[in-house]
$ cat final.pdb   # PDB, C-alpha atoms
ATOM      1  CA  MET A 286       0.000   0.000   0.000  1.00  0.00           C
ATOM      2  CA  SER A 287       1.490   3.314  -0.982  1.00  0.00           C
ATOM      3  CA  ARG A 288       1.995   6.175   1.414  1.00  0.00           C
ATOM      4  CA  THR A 289      -0.644   8.380  -0.252  1.00  0.00           C
ATOM      5  CA  SER A 290      -3.390   5.755  -0.237  1.00  0.00           C
ATOM      6  CA  ARG A 291      -3.340   5.309   3.554  1.00  0.00           C
ATOM      7  CA  PRO A 292      -4.830   8.721   4.386  1.00  0.00           C
ATOM      8  CA  ARG A 293      -7.367   8.317   1.600  1.00  0.00           C
ATOM      9  CA  THR A 294      -8.382   4.913   2.954  1.00  0.00           C
ATOM     10  CA  ALA A 295      -8.611   6.271   6.491  1.00  0.00           C
ATOM     11  CA  ARG A 296     -10.807   9.144   5.333  1.00  0.00           C
ATOM     12  CA  THR A 297     -13.023   6.763   3.416  1.00  0.00           C
ATOM     13  CA  VAL A 298     -13.418   4.455   6.417  1.00  0.00           C
ATOM     14  CA  ALA A 299     -14.205   7.421   8.674  1.00  0.00           C
ATOM     15  CA  LEU A 300     -16.771   8.771   6.232  1.00  0.00           C
ATOM     16  CA  VAL A 301     -18.413   5.359   5.843  1.00  0.00           C
ATOM     17  CA  TYR A 302     -18.585   5.015   9.650  1.00  0.00           C
ATOM     18  CA  VAL A 303     -20.243   8.410  10.126  1.00  0.00           C
ATOM     19  CA  VAL A 304     -22.693   7.912   7.245  1.00  0.00           C
ATOM     20  CA  ALA A 305     -23.571   4.413   8.475  1.00  0.00           C
ATOM     21  CA  MET A 306     -24.329   5.801  11.919  1.00  0.00           C
ATOM     22  CA  ILE A 307     -26.536   8.540  10.465  1.00  0.00           C
ATOM     23  CA  VAL A 308     -28.415   6.138   8.186  1.00  0.00           C
ATOM     24  CA  GLY A 309     -28.804   3.648  11.027  1.00  0.00           C
ATOM     25  CA  GLY A 310     -30.155   6.406  13.250  1.00  0.00           C
ATOM     26  CA  LEU A 311     -32.635   7.458  10.576  1.00  0.00           C
ATOM     27  CA  VAL A 312     -33.827   3.889  10.097  1.00  0.00           C
ATOM     28  CA  MET A 313     -34.131   3.216  13.824  1.00  0.00           C
ATOM     29  CA  GLY A 314     -35.833   6.572  14.384  1.00  0.00           C
ATOM     30  CA  ALA A 315     -38.381   5.891  11.647  1.00  0.00           C
ATOM     31  CA  GLN A 316     -39.164   2.417  13.031  1.00  0.00           C
ATOM     32  CA  GLY A 317     -39.779   3.658  16.536  1.00  0.00           C
ATOM     33  CA  PRO A 318     -38.462   1.949  19.670  1.00  0.00           C
ATOM     34  CA  SER A 319     -36.534  -1.182  18.761  1.00  0.00           C
ATOM     35  CA  HIS A 320     -33.533  -3.229  19.843  1.00  0.00           C
ATOM     36  CA  GLY A 321     -31.172  -1.457  17.430  1.00  0.00           C
ATOM     37  CA  GLY A 322     -31.302   1.950  19.134  1.00  0.00           C
ATOM     38  CA  PRO A 323     -29.110   1.040  22.112  1.00  0.00           C
ATOM     39  CA  LEU A 324     -26.624  -0.614  19.748  1.00  0.00           C
ATOM     40  CA  LEU A 325     -26.273   2.594  17.728  1.00  0.00           C
ATOM     41  CA  VAL A 326     -25.829   4.653  20.872  1.00  0.00           C
ATOM     42  CA  TRP A 327     -23.209   2.188  22.104  1.00  0.00           C
ATOM     43  CA  LEU A 328     -21.326   2.376  18.791  1.00  0.00           C
ATOM     44  CA  SER A 329     -21.206   6.175  18.973  1.00  0.00           C
ATOM     45  CA  GLN A 330     -19.568   6.220  22.419  1.00  0.00           C
ATOM     46  CA  PRO A 331     -17.408   8.031  23.746  1.00  0.00           C
ATOM     47  CA  GLY A 332     -18.041  10.784  21.205  1.00  0.00           C
ATOM     48  CA  LEU A 333     -21.643  11.080  22.300  1.00  0.00           C
ATOM     49  CA  ASN A 334     -20.537  11.571  25.901  1.00  0.00           C
ATOM     50  CA  PHE A 335     -18.128  14.326  24.835  1.00  0.00           C
ATOM     51  CA  LEU A 336     -21.003  16.085  23.087  1.00  0.00           C
ATOM     52  CA  TYR A 337     -23.222  15.852  26.134  1.00  0.00           C
ATOM     53  CA  VAL A 338     -20.596  17.008  28.607  1.00  0.00           C
ATOM     54  CA  PHE A 339     -18.810  19.687  26.586  1.00  0.00           C
ATOM     55  CA  VAL A 340     -21.648  21.003  24.368  1.00  0.00           C
ATOM     56  CA  LEU A 341     -25.135  20.226  25.624  1.00  0.00           C
ATOM     57  CA  MET A 342     -24.565  20.643  29.356  1.00  0.00           C
ATOM     58  CA  PRO A 343     -22.856  24.063  29.016  1.00  0.00           C
ATOM     59  CA  LEU A 344     -25.632  25.206  26.667  1.00  0.00           C
ATOM     60  CA  THR A 345     -28.210  24.137  29.241  1.00  0.00           C
ATOM     61  CA  VAL A 346     -26.347  26.037  31.948  1.00  0.00           C
ATOM     62  CA  MET A 347     -26.037  29.183  29.818  1.00  0.00           C
ATOM     63  CA  PHE A 348     -29.553  29.291  28.394  1.00  0.00           C
ATOM     64  CA  GLY A 349     -31.490  27.204  30.884  1.00  0.00           C
ATOM     65  CA  ASP A 350     -33.764  24.287  30.161  1.00  0.00           C
ATOM     66  CA  LEU A 351     -35.945  25.235  27.216  1.00  0.00           C
ATOM     67  CA  GLY A 352     -38.558  22.643  28.088  1.00  0.00           C
ATOM     68  CA  GLY A 353     -38.103  20.425  25.033  1.00  0.00           C
ATOM     69  CA  GLY A 354     -36.840  17.376  26.875  1.00  0.00           C
ATOM     70  CA  GLY A 355     -39.933  15.508  28.021  1.00  0.00           C
ATOM     71  CA  GLY A 356     -41.786  14.697  24.806  1.00  0.00           C
ATOM     72  CA  ASP A 357     -41.213  12.596  21.743  1.00  0.00           C
ATOM     73  CA  ALA A 358     -37.870  13.473  20.216  1.00  0.00           C
ATOM     74  CA  GLY A 359     -38.806  12.660  16.636  1.00  0.00           C
ATOM     75  CA  PRO A 360     -37.180  10.391  14.092  1.00  0.00           C
ATOM     76  CA  TYR A 361     -34.178  12.637  13.467  1.00  0.00           C
ATOM     77  CA  SER A 362     -32.852  12.894  17.017  1.00  0.00           C
ATOM     78  CA  LEU A 363     -31.235   9.441  17.048  1.00  0.00           C
ATOM     79  CA  ALA A 364     -29.643  10.053  13.646  1.00  0.00           C
ATOM     80  CA  LEU A 365     -28.319  13.437  14.756  1.00  0.00           C
ATOM     81  CA  SER A 366     -26.935  12.237  18.063  1.00  0.00           C
ATOM     82  CA  CYS A 367     -25.354   9.066  16.649  1.00  0.00           C
ATOM     83  CA  GLY A 368     -23.936  10.888  13.624  1.00  0.00           C
ATOM     84  CA  LEU A 369     -22.413  13.656  15.714  1.00  0.00           C
ATOM     85  CA  GLY A 370     -21.079  11.134  18.221  1.00  0.00           C
ATOM     86  CA  ALA A 371     -19.469   9.175  15.387  1.00  0.00           C
ATOM     87  CA  ALA A 372     -17.921  12.370  13.983  1.00  0.00           C
ATOM     88  CA  VAL A 373     -16.431  13.176  17.391  1.00  0.00           C
ATOM     89  CA  ASN A 374     -15.097   9.603  17.586  1.00  0.00           C
ATOM     90  CA  VAL A 375     -13.354  10.100  14.246  1.00  0.00           C
ATOM     91  CA  LEU A 376     -11.778  13.320  15.532  1.00  0.00           C
ATOM     92  CA  LEU A 377     -10.672  11.584  18.743  1.00  0.00           C
ATOM     93  CA  VAL A 378      -9.006   8.761  16.806  1.00  0.00           C
ATOM     94  CA  ARG A 379      -7.282  11.295  14.563  1.00  0.00           C
ATOM     95  CA  ALA A 380      -5.967  13.212  17.587  1.00  0.00           C
ATOM     96  CA  VAL A 381      -4.635  10.015  19.177  1.00  0.00           C
ATOM     97  CA  MET A 382      -2.917   9.002  15.932  1.00  0.00           C
ATOM     98  CA  CYS A 383      -1.316  12.446  15.514  1.00  0.00           C
ATOM     99  CA  CYS A 384      -0.065  12.325  19.104  1.00  0.00           C
ATOM    100  CA  ALA A 385       1.334   8.814  18.605  1.00  0.00           C
ATOM    101  CA  ARG A 386       3.141   9.919  15.432  1.00  0.00           C
ATOM    102  CA  MET A 387       4.664  12.913  17.215  1.00  0.00           C
ATOM    103  CA  VAL A 388       5.867  10.744  20.096  1.00  0.00           C
ATOM    104  CA  ALA A 389       7.264   8.150  17.688  1.00  0.00           C
ATOM    105  CA  ALA A 390       9.119  10.861  15.772  1.00  0.00           C
ATOM    106  CA  ASP A 391      10.615  12.364  18.933  1.00  0.00           C
ATOM    107  CA  LEU A 392      11.520   9.093  20.620  1.00  0.00           C
ATOM    108  CA  PRO A 393      14.793   8.420  18.718  1.00  0.00           C
ATOM    109  CA  VAL A 394      15.932  12.002  19.354  1.00  0.00           C
ATOM    110  CA  CYS A 395      15.260  11.641  23.067  1.00  0.00           C
ATOM    111  CA  ARG A 396      17.155   8.352  23.216  1.00  0.00           C
ATOM    112  CA  LYS A 397      20.204   9.930  21.551  1.00  0.00           C
ATOM    113  CA  ARG A 398      20.270  12.773  24.081  1.00  0.00           C
ATOM    114  CA  ARG A 399      20.479  10.442  27.053  1.00  0.00           C
ATOM    115  CA  THR A 400      23.911  10.035  28.476  1.00  0.00           C
ATOM    116  CA  PRO A 401      24.843   6.546  29.646  1.00  0.00           C
ATOM    117  CA  ALA A 402      24.931   6.047  33.391  1.00  0.00           C
ATOM    118  CA  ARG A 403      28.464   5.449  34.726  1.00  0.00           C
TER     119      ARG A 403
END

$ encode --input "final.pdb" --output "structure tokens"
Amino acid sequence: MSRTSRPRTARTVALVYVVAMIVGGLVMGAQGPSHGGPLLVWLSQPGLNFLYVFVLMPLTVMFGDLGGGGGDAGPYSLALSCGLGAAVNVLLVRAVMCCARMVAADLPVCRKRRTPAR
């Protein structure tokens, strides 16, 4: 596999993952309550938790509860939450891979700087 096809493959896999989560959320939302909903939510973790903690909770604190939480959420809410959670998961994996590459690039330099113990 060439060096330029790896990022393209990774982007394609990430895009397929996010689109599959959105389509799955749309299908499960249109069918109503079923056994597939918890599976989709589980597959979008931990990105969904990041969205709740760092986006939705601060918005609730800033603007207060707007009263939209008790009723039927509609068929698009599962697709939106699972799709956004999957997108955050993709960004988390990318950040971890960038950090691992930076550490791997700096590791030989750090080993050369060490002086042997006498």

$ residues_around --input "final.pdb" --residues "range 304-320 of chain A" --least-positions-apart "6" --cutoff "8 Å" --atoms "all atoms listed in the file" --output "JSON list (two decimals) with C-alpha atoms, keeping the file's coordinate frame"
[["chain", "number", "residue", "atom", "x", "y", "z"],
["A", 329, "SER", "CA", -21.21, 6.18, 18.97],
["A", 359, "GLY", "CA", -38.81, 12.66, 16.64],
["A", 360, "PRO", "CA", -37.18, 10.39, 14.09],
["A", 361, "TYR", "CA", -34.18, 12.64, 13.47],
["A", 362, "SER", "CA", -32.85, 12.89, 17.02],
["A", 363, "LEU", "CA", -31.24, 9.44, 17.05],
["A", 364, "ALA", "CA", -29.64, 10.05, 13.65],
["A", 365, "LEU", "CA", -28.32, 13.44, 14.76],
["A", 367, "CYS", "CA", -25.35, 9.07, 16.65],
["A", 368, "GLY", "CA", -23.94, 10.89, 13.62],
["A", 371, "ALA", "CA", -19.47, 9.18, 15.39]]

$ residues_around --input "final.pdb" --residues "range 374-376 of chain A" --least-positions-apart "6" --cutoff "7 Å" --atoms "only C-alpha atoms" --output "ChimeraX atom specification"
/A:299,331-332

$ atom_distance --input "final.pdb" --atom1 "CA of Asn334 in chain A" --atom2 "CA of Gly370 in chain A"
7.7 Å

$ atom_distance --input "final.pdb" --atom1 "CA of Val338 in chain A" --atom2 "CA of Arg296 in chain A"
26.4 Å

$ atom_distance --input "final.pdb" --atom1 "CA of Leu328 in chain A" --atom2 "CA of Val378 in chain A"
14.0 Å

$ axis_aligned_box --input "final.pdb" --around "range 333-345 of chain A" --padding-each-side "5 Å" --output "AutoDock Vina command-line options"
--center_x -23.2 --center_y 18.1 --center_z 25.8 --size_x 20.1 --size_y 24.1 --size_z 17.1

$ residues_around --input "final.pdb" --residues "Val373 in chain A" --least-positions-apart "4" --cutoff "8 Å" --atoms "only C-alpha atoms" --output "list in words"
Gly332, Leu333, Phe335, Leu336, Leu369 and Leu377 of chain A

$ closest_residue --input "final.pdb" --among "A:Met347, A:Leu392, A:Cys383, A:Ala372" --to "Val298 in chain A" --atoms "only C-alpha atoms"
A:Ala372
